[in-house]
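Trainee: This one is final_24.txt, compact mmCIF, C-alpha atoms.
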```txt
# COMPACT_ATOMS: atom_id res chain seq x y z
CA MET A 680 0.79 19.37 -38.39
CA ASP A 681 -1.37 16.50 -37.33
CA SER A 682 -0.59 14.54 -40.46
CA ALA A 683 3.13 14.72 -39.72
CA LEU A 684 2.58 13.02 -36.37
CA ALA A 685 0.92 10.05 -37.99
CA SER A 686 4.10 9.00 -39.74
CA GLU A 687 6.24 9.13 -36.59
CA PRO A 688 7.12 5.85 -34.92
CA PRO A 689 5.06 4.98 -31.86
CA PRO A 690 6.60 6.25 -28.63
CA TYR A 691 8.65 3.61 -26.87
CA LEU A 692 8.69 3.23 -23.15
CA PRO A 693 11.99 4.30 -21.64
CA ASP A 694 14.36 1.66 -20.25
CA THR A 695 13.53 2.82 -16.77
CA VAL A 696 9.94 1.62 -16.96
CA ARG A 697 9.28 -0.50 -13.92
CA THR A 698 6.46 -2.71 -12.82
CA SER A 699 4.78 -1.87 -9.54
CA VAL A 700 3.67 -4.89 -7.60
CA LYS A 701 1.56 -4.50 -4.51
CA ILE A 702 2.18 -7.26 -1.98
CA LEU A 703 0.28 -7.85 1.25
CA ILE A 704 2.18 -8.91 4.33
CA VAL A 705 -0.27 -10.71 6.59
CA GLY A 706 -0.23 -12.90 9.66
CA HIS A 707 -1.58 -13.11 13.17
CA PHE A 708 -1.00 -10.73 16.06
CA ALA A 709 2.66 -10.33 17.02
CA VAL A 710 4.05 -12.56 14.27
CA GLY A 711 6.54 -9.88 13.13
CA LYS A 712 4.91 -8.10 10.19
CA THR A 713 6.05 -4.61 11.21
CA THR A 714 9.58 -5.82 11.87
CA TYR A 715 9.63 -7.63 8.53
CA ILE A 716 8.63 -4.54 6.53
CA GLY A 717 11.01 -2.37 8.55
CA THR A 718 13.87 -4.76 7.73
CA LEU A 719 13.16 -4.77 4.00
CA SER A 720 12.03 -1.26 3.15
CA GLU A 721 14.53 0.88 1.26
CA ILE A 722 12.59 4.00 2.26
CA ARG A 723 11.51 5.06 5.73
CA PRO A 724 8.56 2.75 6.38
CA LEU A 725 5.11 3.96 7.31
CA ARG A 726 4.11 2.63 10.69
CA THR A 727 0.96 2.99 12.74
CA GLU A 728 2.08 1.49 16.01
CA GLU A 729 0.33 2.32 19.23
CA ARG A 730 1.22 1.37 22.77
CA MET A 731 -0.77 -1.60 23.92
CA THR A 732 -3.06 -0.83 26.82
CA GLN A 733 -4.62 -2.79 29.64
CA ALA A 734 -7.86 -2.85 27.65
CA GLY A 735 -6.36 -5.37 25.23
CA ALA A 736 -4.93 -7.68 27.89
CA ALA A 737 -7.84 -10.08 27.70
CA VAL A 738 -7.87 -10.44 23.91
CA ASP A 739 -4.32 -9.87 22.69
CA ASP A 740 -2.42 -12.86 23.98
CA LEU A 741 1.19 -12.06 24.72
CA ALA A 742 2.15 -15.50 25.94
CA GLY A 743 5.78 -16.04 24.97
CA ILE A 744 6.23 -12.53 23.58
CA LYS A 745 6.32 -10.49 26.77
CA ASP A 746 8.68 -7.85 25.33
CA LYS A 747 6.09 -6.56 22.88
CA THR A 748 4.84 -3.11 23.89
CA THR A 749 3.27 -1.72 20.72
CA THR A 750 0.91 -3.03 18.08
CA THR A 751 -0.04 -1.91 14.56
CA VAL A 752 -3.51 -0.36 14.44
CA ALA A 753 -3.87 0.54 10.77
CA MET A 754 -1.11 -0.55 8.43
CA ASP A 755 2.58 -0.75 7.60
CA PHE A 756 4.10 0.29 4.33
CA GLY A 757 7.50 -0.13 2.75
CA ARG A 758 9.11 -0.32 -0.66
CA LEU A 759 11.67 -2.75 -2.04
CA THR A 760 13.19 -2.56 -5.51
CA LEU A 761 13.74 -6.23 -6.23
CA THR A 762 15.27 -5.99 -9.70
CA ASP A 763 15.80 -3.20 -12.22
CA ASP A 764 12.24 -3.61 -13.39
CA ILE A 765 10.25 -4.92 -10.42
CA VAL A 766 9.37 -2.68 -7.49
CA LEU A 767 7.50 -4.25 -4.61
CA TYR A 768 5.17 -2.15 -2.50
CA LEU A 769 4.68 -3.91 0.81
CA PHE A 770 1.46 -3.33 2.71
CA GLY A 771 1.22 -4.84 6.16
CA THR A 772 -2.09 -5.50 7.85
CA PRO A 773 -2.94 -5.20 11.53
CA GLY A 774 -2.95 -8.68 13.02
CA GLN A 775 -5.94 -8.71 15.34
CA GLU A 776 -9.27 -9.76 13.95
CA ARG A 777 -10.98 -6.66 15.31
CA PHE A 778 -9.25 -4.83 12.44
CA SER A 779 -10.54 -7.22 9.80
CA ARG A 780 -12.64 -4.55 8.07
CA LEU A 781 -9.40 -2.90 7.00
CA TRP A 782 -7.95 -6.06 5.51
CA ASP A 783 -10.23 -6.08 2.47
CA ASP A 784 -9.35 -2.48 1.63
CA LEU A 785 -5.65 -3.12 2.05
CA ALA A 786 -5.92 -6.14 -0.25
CA ARG A 787 -7.28 -4.01 -3.06
CA GLY A 788 -4.95 -4.09 -6.05
CA ALA A 789 -2.57 -6.58 -4.45
CA LEU A 790 -1.08 -9.29 -6.67
CA GLY A 791 -0.09 -11.64 -3.90
CA ALA A 792 0.43 -12.10 -0.20
CA LEU A 793 3.17 -13.31 2.07
CA ILE A 794 1.75 -14.98 5.16
CA LEU A 795 4.07 -14.88 8.15
CA VAL A 796 3.62 -17.69 10.65
CA ASP A 797 5.12 -18.68 13.99
CA THR A 798 5.56 -22.40 14.61
CA ALA A 799 4.60 -21.96 18.27
CA ARG A 800 1.19 -20.60 17.27
CA LEU A 801 0.41 -22.13 13.88
CA ASP A 802 -3.31 -22.41 14.63
CA ARG A 803 -3.52 -18.61 14.88
CA SER A 804 -2.70 -18.27 11.20
CA PHE A 805 -6.00 -19.48 9.80
CA ALA A 806 -7.87 -16.17 10.03
CA ALA A 807 -5.22 -14.43 7.95
CA MET A 808 -5.13 -17.31 5.48
CA ASP A 809 -8.91 -17.17 5.15
CA VAL A 810 -8.84 -13.50 4.23
CA VAL A 811 -6.15 -14.03 1.61
CA GLU A 812 -7.92 -17.03 0.12
CA LYS A 813 -11.25 -15.21 0.07
CA GLN A 814 -9.59 -12.44 -1.92
CA GLY A 815 -8.30 -15.05 -4.36
CA LEU A 816 -4.74 -13.86 -3.80
CA PRO A 817 -1.87 -16.23 -4.54
CA TYR A 818 0.42 -16.52 -1.52
CA ALA A 819 3.57 -17.93 -0.05
CA VAL A 820 4.08 -18.83 3.59
CA ALA A 821 7.15 -17.74 5.54
CA VAL A 822 7.93 -19.15 8.95
CA ASN A 823 9.36 -16.26 10.96
CA HIS A 824 11.68 -18.15 13.23
CA PHE A 825 11.43 -16.97 16.82
CA ASP A 826 14.09 -17.91 19.34
CA GLY A 827 12.57 -20.73 21.34
CA SER A 828 9.87 -21.62 18.85
CA PRO A 829 9.87 -25.30 17.86
CA SER A 830 11.39 -26.31 14.52
CA PHE A 831 9.14 -28.70 12.66
CA PRO A 832 9.98 -30.48 9.41
CA GLU A 833 8.54 -28.74 6.38
CA ASP A 834 5.98 -31.44 5.64
CA GLU A 835 4.56 -31.15 9.16
CA VAL A 836 4.13 -27.41 8.83
CA ARG A 837 2.52 -27.91 5.43
CA GLU A 838 0.13 -30.43 6.87
CA ALA A 839 -0.73 -28.29 9.90
CA LEU A 840 -1.53 -25.33 7.66
CA ASP A 841 -3.15 -27.50 4.98
CA LEU A 842 -1.04 -25.93 2.23
CA ALA A 843 -1.50 -26.78 -1.44
CA PRO A 844 1.53 -28.59 -2.93
CA GLY A 845 2.43 -25.60 -5.12
CA THR A 846 2.39 -23.05 -2.29
CA PRO A 847 5.93 -21.99 -1.40
CA LEU A 848 6.97 -22.48 2.23
CA VAL A 849 10.16 -20.84 3.44
CA THR A 850 11.82 -19.95 6.72
CA CYS A 851 13.11 -16.49 7.50
CA ASP A 852 14.10 -14.21 10.34
CA ALA A 853 12.12 -10.97 10.08
CA ARG A 854 15.11 -9.09 11.53
CA ASP A 855 17.43 -10.39 8.84
CA ARG A 856 17.46 -8.73 5.45
CA ARG A 857 18.80 -11.63 3.43
CA SER A 858 16.38 -14.34 4.55
CA SER A 859 13.48 -11.87 4.47
CA THR A 860 14.30 -10.91 0.90
CA GLU A 861 14.48 -14.59 -0.05
CA ALA A 862 10.98 -15.12 1.32
CA LEU A 863 9.67 -12.37 -0.95
CA ILE A 864 11.57 -13.75 -3.92
CA SER A 865 9.89 -17.11 -3.40
CA LEU A 866 6.53 -15.33 -3.52
CA VAL A 867 7.42 -13.35 -6.65
CA ASP A 868 8.70 -16.54 -8.35
CA HIS A 869 5.40 -18.17 -7.44
CA LEU A 870 3.44 -15.26 -8.95
CA LEU A 871 5.53 -15.40 -12.11
CA THR A 872 4.94 -19.14 -12.42
CA LEU A 873 1.19 -18.69 -12.02
CA ASP A 874 1.37 -15.89 -14.55
CA THR A 875 2.90 -18.15 -17.21
CA GLU A 876 0.55 -21.00 -16.41
CA GLN A 877 -2.53 -18.80 -16.75
CA PRO A 878 -1.89 -16.24 -19.49
CA MET B 956 4.88 -10.02 -14.43
CA THR B 957 2.27 -8.93 -16.91
CA LYS B 958 -0.34 -8.23 -14.26
CA GLY B 959 1.83 -5.67 -12.48
CA ARG B 960 1.07 -2.09 -13.28
CA LYS B 961 2.97 0.52 -15.14
CA SER B 962 1.41 3.56 -13.53
CA ALA B 963 1.91 7.20 -14.43
CA MET B 964 4.71 7.29 -11.87
CA ASP B 965 6.57 4.28 -13.16
CA ASP B 966 7.85 5.80 -16.35
CA GLY B 967 9.22 8.60 -14.20
CA THR B 968 7.13 11.26 -15.91
CA ASN B 969 4.88 12.25 -13.01
CA ARG B 970 2.51 13.26 -15.81
CA LEU B 971 -0.13 14.92 -13.65
CA GLY B 972 2.33 16.60 -11.30
CA TRP B 973 2.12 19.95 -13.08
CA MET B 974 -1.58 20.05 -12.36
CA LEU B 975 -0.96 19.59 -8.67
CA ASP B 976 1.67 22.34 -8.71
CA ASP B 977 -0.81 24.57 -10.47
CA ALA B 978 -3.30 24.07 -7.64
CA LEU B 979 -0.61 24.87 -5.07
CA ARG B 980 -0.14 28.35 -6.45
CA MET B 981 -2.57 29.59 -3.84
CA PRO B 982 -1.05 31.07 -0.68
CA GLU B 983 -0.17 28.91 2.35
CA THR B 984 -0.40 25.53 0.62
CA ARG B 985 2.39 22.97 0.98
CA TYR B 986 2.26 19.68 -0.90
CA ALA B 987 -0.15 17.69 -3.01
CA ILE B 988 -0.25 14.03 -4.01
CA LEU B 989 -2.61 12.00 -6.13
CA LEU B 990 -2.97 8.36 -5.16
CA SER B 991 -4.85 5.29 -6.28
CA ALA B 992 -7.44 3.77 -3.98
CA ASP B 993 -5.07 0.88 -3.35
CA GLY B 994 -2.44 3.21 -1.98
CA LEU B 995 0.03 3.70 -4.81
CA LEU B 996 1.33 7.09 -5.85
CA MET B 997 -0.01 8.48 -9.14
CA ALA B 998 1.47 11.99 -9.08
CA HIS B 999 3.13 14.41 -6.69
CA SER B 1000 3.79 18.11 -6.51
CA GLU B 1001 7.29 19.37 -7.12
CA ARG B 1002 8.37 20.08 -3.56
CA ILE B 1003 7.79 16.61 -2.13
CA GLY B 1004 10.23 13.85 -3.10
CA ARG B 1005 9.05 10.59 -4.56
CA ASP B 1006 10.01 8.41 -1.58
CA ASP B 1007 8.11 10.62 0.85
CA ALA B 1008 5.20 10.93 -1.55
CA GLU B 1009 4.94 7.14 -1.85
CA ARG B 1010 4.86 6.69 1.91
CA GLN B 1011 2.23 9.41 2.22
CA ALA B 1012 0.16 7.83 -0.56
CA ALA B 1013 0.02 4.55 1.34
CA GLY B 1014 -0.92 6.33 4.55
CA MET B 1015 -3.64 8.40 2.90
CA SER B 1016 -5.26 5.28 1.43
CA GLY B 1017 -5.32 3.90 4.97
CA LEU B 1018 -6.88 7.12 6.26
CA GLN B 1019 -9.78 7.02 3.84
CA SER B 1020 -10.26 3.33 4.49
CA LEU B 1021 -10.46 3.98 8.23
CA ALA B 1022 -12.73 6.97 7.68
CA ARG B 1023 -15.19 4.93 5.63
CA ALA B 1024 -15.05 2.07 8.11
CA THR B 1025 -16.31 4.45 10.79
CA ALA B 1026 -19.16 5.95 8.72
CA GLU B 1027 -21.90 4.60 10.96
CA PHE B 1028 -20.57 6.73 13.79
CA CYS B 1029 -22.08 9.57 11.74
CA GLY B 1030 -25.46 8.05 10.86
CA ASP B 1031 -26.26 5.52 8.17
CA PRO B 1032 -23.38 3.03 7.65
CA GLY B 1033 -23.73 3.54 3.90
CA THR B 1034 -23.40 7.30 4.04
CA THR B 1035 -20.92 8.58 1.46
CA TRP B 1036 -17.49 9.67 2.63
CA ARG B 1037 -16.68 13.09 1.23
CA GLN B 1038 -13.44 14.21 2.75
CA THR B 1039 -11.12 13.82 5.69
CA VAL B 1040 -9.49 16.88 7.21
CA ASN B 1041 -6.65 16.55 9.71
CA GLU B 1042 -5.53 19.47 11.79
CA PHE B 1043 -2.01 19.73 13.18
CA ASP B 1044 -0.16 22.50 15.01
CA ASP B 1045 1.51 23.20 11.68
CA GLY B 1046 -1.60 23.20 9.53
CA TYR B 1047 -4.08 21.03 7.73
CA VAL B 1048 -4.28 18.01 5.45
CA PHE B 1049 -7.26 17.65 3.16
CA LEU B 1050 -8.08 14.29 1.64
CA VAL B 1051 -10.81 14.09 -1.00
CA ALA B 1052 -12.01 11.63 -3.64
CA ALA B 1053 -10.64 12.44 -7.10
CA GLY B 1054 -12.66 10.37 -9.50
CA PRO B 1055 -13.15 6.60 -9.50
CA GLY B 1056 -10.37 4.87 -7.64
CA ALA B 1057 -8.28 7.93 -6.90
CA TYR B 1058 -7.73 10.32 -4.01
CA LEU B 1059 -6.16 13.71 -3.71
CA ALA B 1060 -4.32 14.92 -0.62
CA VAL B 1061 -3.22 18.51 -0.14
CA SER B 1062 -1.52 20.07 2.85
CA ALA B 1063 -1.46 23.69 3.93
CA THR B 1064 -0.25 25.88 6.77
CA GLN B 1065 -2.48 26.91 9.66
CA HIS B 1066 -3.02 30.30 7.97
CA VAL B 1067 -4.69 28.94 4.86
CA ASP B 1068 -8.14 30.11 3.81
CA MET B 1069 -10.10 26.89 4.37
CA GLU B 1070 -12.99 27.87 2.15
CA ALA B 1071 -10.72 28.84 -0.72
CA VAL B 1072 -8.85 25.54 -0.41
CA SER B 1073 -12.06 23.54 -0.55
CA PHE B 1074 -13.12 25.37 -3.66
CA ARG B 1075 -9.74 24.93 -5.31
CA LEU B 1076 -9.72 21.22 -4.48
CA GLN B 1077 -13.08 20.64 -6.13
CA GLU B 1078 -11.87 22.54 -9.17
CA LEU B 1079 -8.71 20.46 -9.31
CA VAL B 1080 -10.63 17.21 -8.92
CA GLN B 1081 -12.71 18.10 -11.95
CA ARG B 1082 -9.66 18.91 -14.04
CA LEU B 1083 -7.91 15.74 -12.89
CA GLY B 1084 -11.01 13.73 -13.73
CA LYS B 1085 -10.93 14.93 -17.32
CA GLU B 1086 -7.21 14.33 -17.57
CA MET B 1087 -7.35 10.83 -16.10
CA THR B 1088 -10.18 9.67 -18.33
CA SER B 1089 -8.66 11.10 -21.52
CA PRO B 1090 -4.87 11.13 -21.39
CA PRO B 1091 -3.25 13.44 -23.93
CA ARG B 1092 -2.24 11.89 -27.22
CA PRO B 1093 1.46 11.09 -27.40
CA GLY B 1094 3.34 13.81 -29.21
CA ALA B 1095 0.45 16.25 -29.03
CA GLY B 1096 2.59 18.80 -27.23
CA SER B 1097 2.66 19.91 -23.64
CA PRO B 1098 -0.41 21.41 -22.02
CA ALA B 1099 -0.76 25.14 -22.56
```
Rewrite the coordinates I just gave you, this time as structure tokens.
Mentor:
Amino acid sequence: MDSALASEPPPYLPDTVRTSVKILIVGHFAVGKTTYIGTLSEIRPLRTEERMTQAGAAVDDLAGIKDKTTTTVAMDFGRLTLTDDIVLYLFGTPGQERFSRLWDDLARGALGALILVDTARLDRSFAAMDVVEKQGLPYAVAVNHFDGSPSFPEDEVREALDLAPGTPLVTCDARDRRSSTEALISLVDHLLTLDTEQP
Amino acid sequence: MTKGRKSAMDDGTNRLGWMLDDALRMPETRYAILLSADGLLMAHSERIGRDDAERQAAGMSGLQSLARATAEFCGDPGTTWRQTVNEFDDGYVFLVAAGPGAYLAVSATQHVDMEAVSFRLQELVQRLGKEMTSPPRPGAGSPA
């Protein structure tokens, strides 16, 4: 019977074959990563939020974000089917640097990262950017627009964050599905471009 | 996106799922999932849906990452992580390594025979290891 198999055509992948793309969602403490993944995920997201305690008062600066009561201690997870053949798996990191040992593990297997930033606290973004750059991950930057945060022209934000000319920079509202999706699309477009440039 | 992965789950076949179901034939077990070290689902048992299984896969990868990050609490920081067991009112979750870059998670009720589960898990890991390193030839028929 084995010889009969040899003459059969090779098995073709069904039309439903999809590409899984792992994406990291990073950014500093309280920039909106959990909200962002919660807005976009088509399945119930995985959250590891814990109530913030007095112990963190000295290190976790809540200036300007006094309504925040919980913080992510391990990770967030959500899934977004972007097109018929691309499924994004979104992995969110904890923001505080005391969790940095987890970041490297979470980055494993990721194809790219979306870095969320807040214009009121741009300088806080460098630790997250360092981790992503150290991993060699391509990334896009999304300004999560907070009510009351200053609006700077794009070139000023680029300069403040020292972004390479090819790095996408977009603005979104982590509570809003449309603008959040657009931020991810800009990252995926960026990954696709890099993919064609470096076969 | 050529660098994206077409994993066992992505063609919708859940190729290794039958093996997980086979392991769940022992009394008092609930669900089983196989996941990659980077948190993506590789296979799931029949009674857990794909969406839930994917969320659990991500969580389990976080669990083992956290467990390993705390190794030095138990002696040498480089000591090898073997398994993580969680106990709930409703039962247990066992998380073990299943070959290079893969983990196996199995849940059971509070009445399960812990020793028997451990033994069965090791057995399953060995079978999965063989299966993952040498996938069956296309068209070679279904496993007996």
Trainee: Just the number, please: distance in Å from atom CA of Gly771 of chain A to atom CA of Gln1019 of chain B, one decimal.
Mentor: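 For atom CA of Gly771 of chain A relative to atom CA of Gln1019 of chain B, the distance reads 16.3 Å.
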Trainee: One decimal, Å: what's the distance from atom CA of Thr718 of chain A over to atom CA of Ile704 of chain A, could you say?
Mentor: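 Separation between atom CA of Thr718 of chain A and atom CA of Ile704 of chain A: 12.9 Å.
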Trainee: List the neighbours of segment 843-848 of chain A out to 8 Å using all atoms listed in the file; skip same-chain residues closer than 2 positions along the sequence, and give me the result as a list of chain:residue names.
Mentor: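 My list of contacting residues is A:Tyr818, A:Ala819, A:Val820, A:Ala821, A:Val822, A:Glu833, A:Arg837, A:Asp841, A:Thr850, A:Ser865, A:Leu866, A:His869.
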Trainee: Per residue of chain A within 8 Å of chain B, which atom pair is closest and at what distance in Å (one decimal), using all atoms listed in the file, listed by chain and increasing number, as a tab-separated table?
Mentor:
```
residue	atom	partner	partner_atom	distance
A:Leu684	CA	B:Gly1094	CA	7.2
A:Pro690	CA	B:Pro1093	CA	7.2
A:Leu692	CA	B:Asp966	CA	7.3
A:Pro693	CA	B:Asp966	CA	6.9
A:Thr695	CA	B:Asp966	CA	6.4
A:Val696	CA	B:Asp966	CA	4.7
A:Arg697	CA	B:Asp965	CA	5.5
A:Thr698	CA	B:Lys961	CA	5.3
A:Ser699	CA	B:Arg960	CA	5.3
A:Val700	CA	B:Gly959	CA	5.3
A:Ile722	CA	B:Asp1006	CA	6.4
A:Arg723	CA	B:Arg1010	CA	7.8
A:Pro724	CA	B:Arg1010	CA	7.0
A:Leu725	CA	B:Arg1010	CA	6.1
A:Ala753	CA	B:Gly1017	CA	6.9
A:Met754	CA	B:Gly1017	CA	7.0
A:Phe756	CA	B:Ala1013	CA	6.6
A:Gly757	CA	B:Arg1010	CA	7.4
A:Arg780	CA	B:Ala1024	CA	7.0
A:Leu781	CA	B:Ser1020	CA	6.8
A:Asp784	CA	B:Ser1020	CA	6.5
A:Leu785	CA	B:Asp993	CA	6.7
A:Ala786	CA	B:Asp993	CA	7.7
A:Arg787	CA	B:Asp993	CA	5.4
A:Gly788	CA	B:Asp993	CA	5.7
A:Ala789	CA	B:Asp993	CA	7.9
A:Leu790	CA	B:Gly959	CA	7.4
A:Leu870	CA	B:Met956	CA	7.7
A:Leu871	CA	B:Met956	CA	5.9
A:Asp874	CA	B:Met956	CA	6.8
```
Trainee: For Ile864 of chain A, which residue out of A:Thr751, A:Thr727, A:Thr762, A:Ser720 is the nearest one, using all atoms listed in the file?
Mentor: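 So, comparing all the options, the nearest one is A:Thr762.
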Trainee: Please compute the atom CA of Tyr986 of chain B-atom CA of Ser1062 of chain B distance, one decimal, in Å.
Mentor: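 Between atom CA of Tyr986 of chain B and atom CA of Ser1062 of chain B the gap is 5.3 Å.
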Trainee: Using all atoms listed in the file, what residues lie at most 6 Å away from (-10.3, 7.9, -14.3) (file coordinates), given as a ChimeraX atom specification?
Mentor: /B:1054-1055,1084,1087-1088
Trainee: Determine the nearest neighbour of Leu1050 of chain B from the options B:Phe1028, B:Leu990, B:Gly1033, B:Glu1070, counting all atoms listed in the file.
Mentor: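 Under the stated criterion, the closest residue is B:Leu990.
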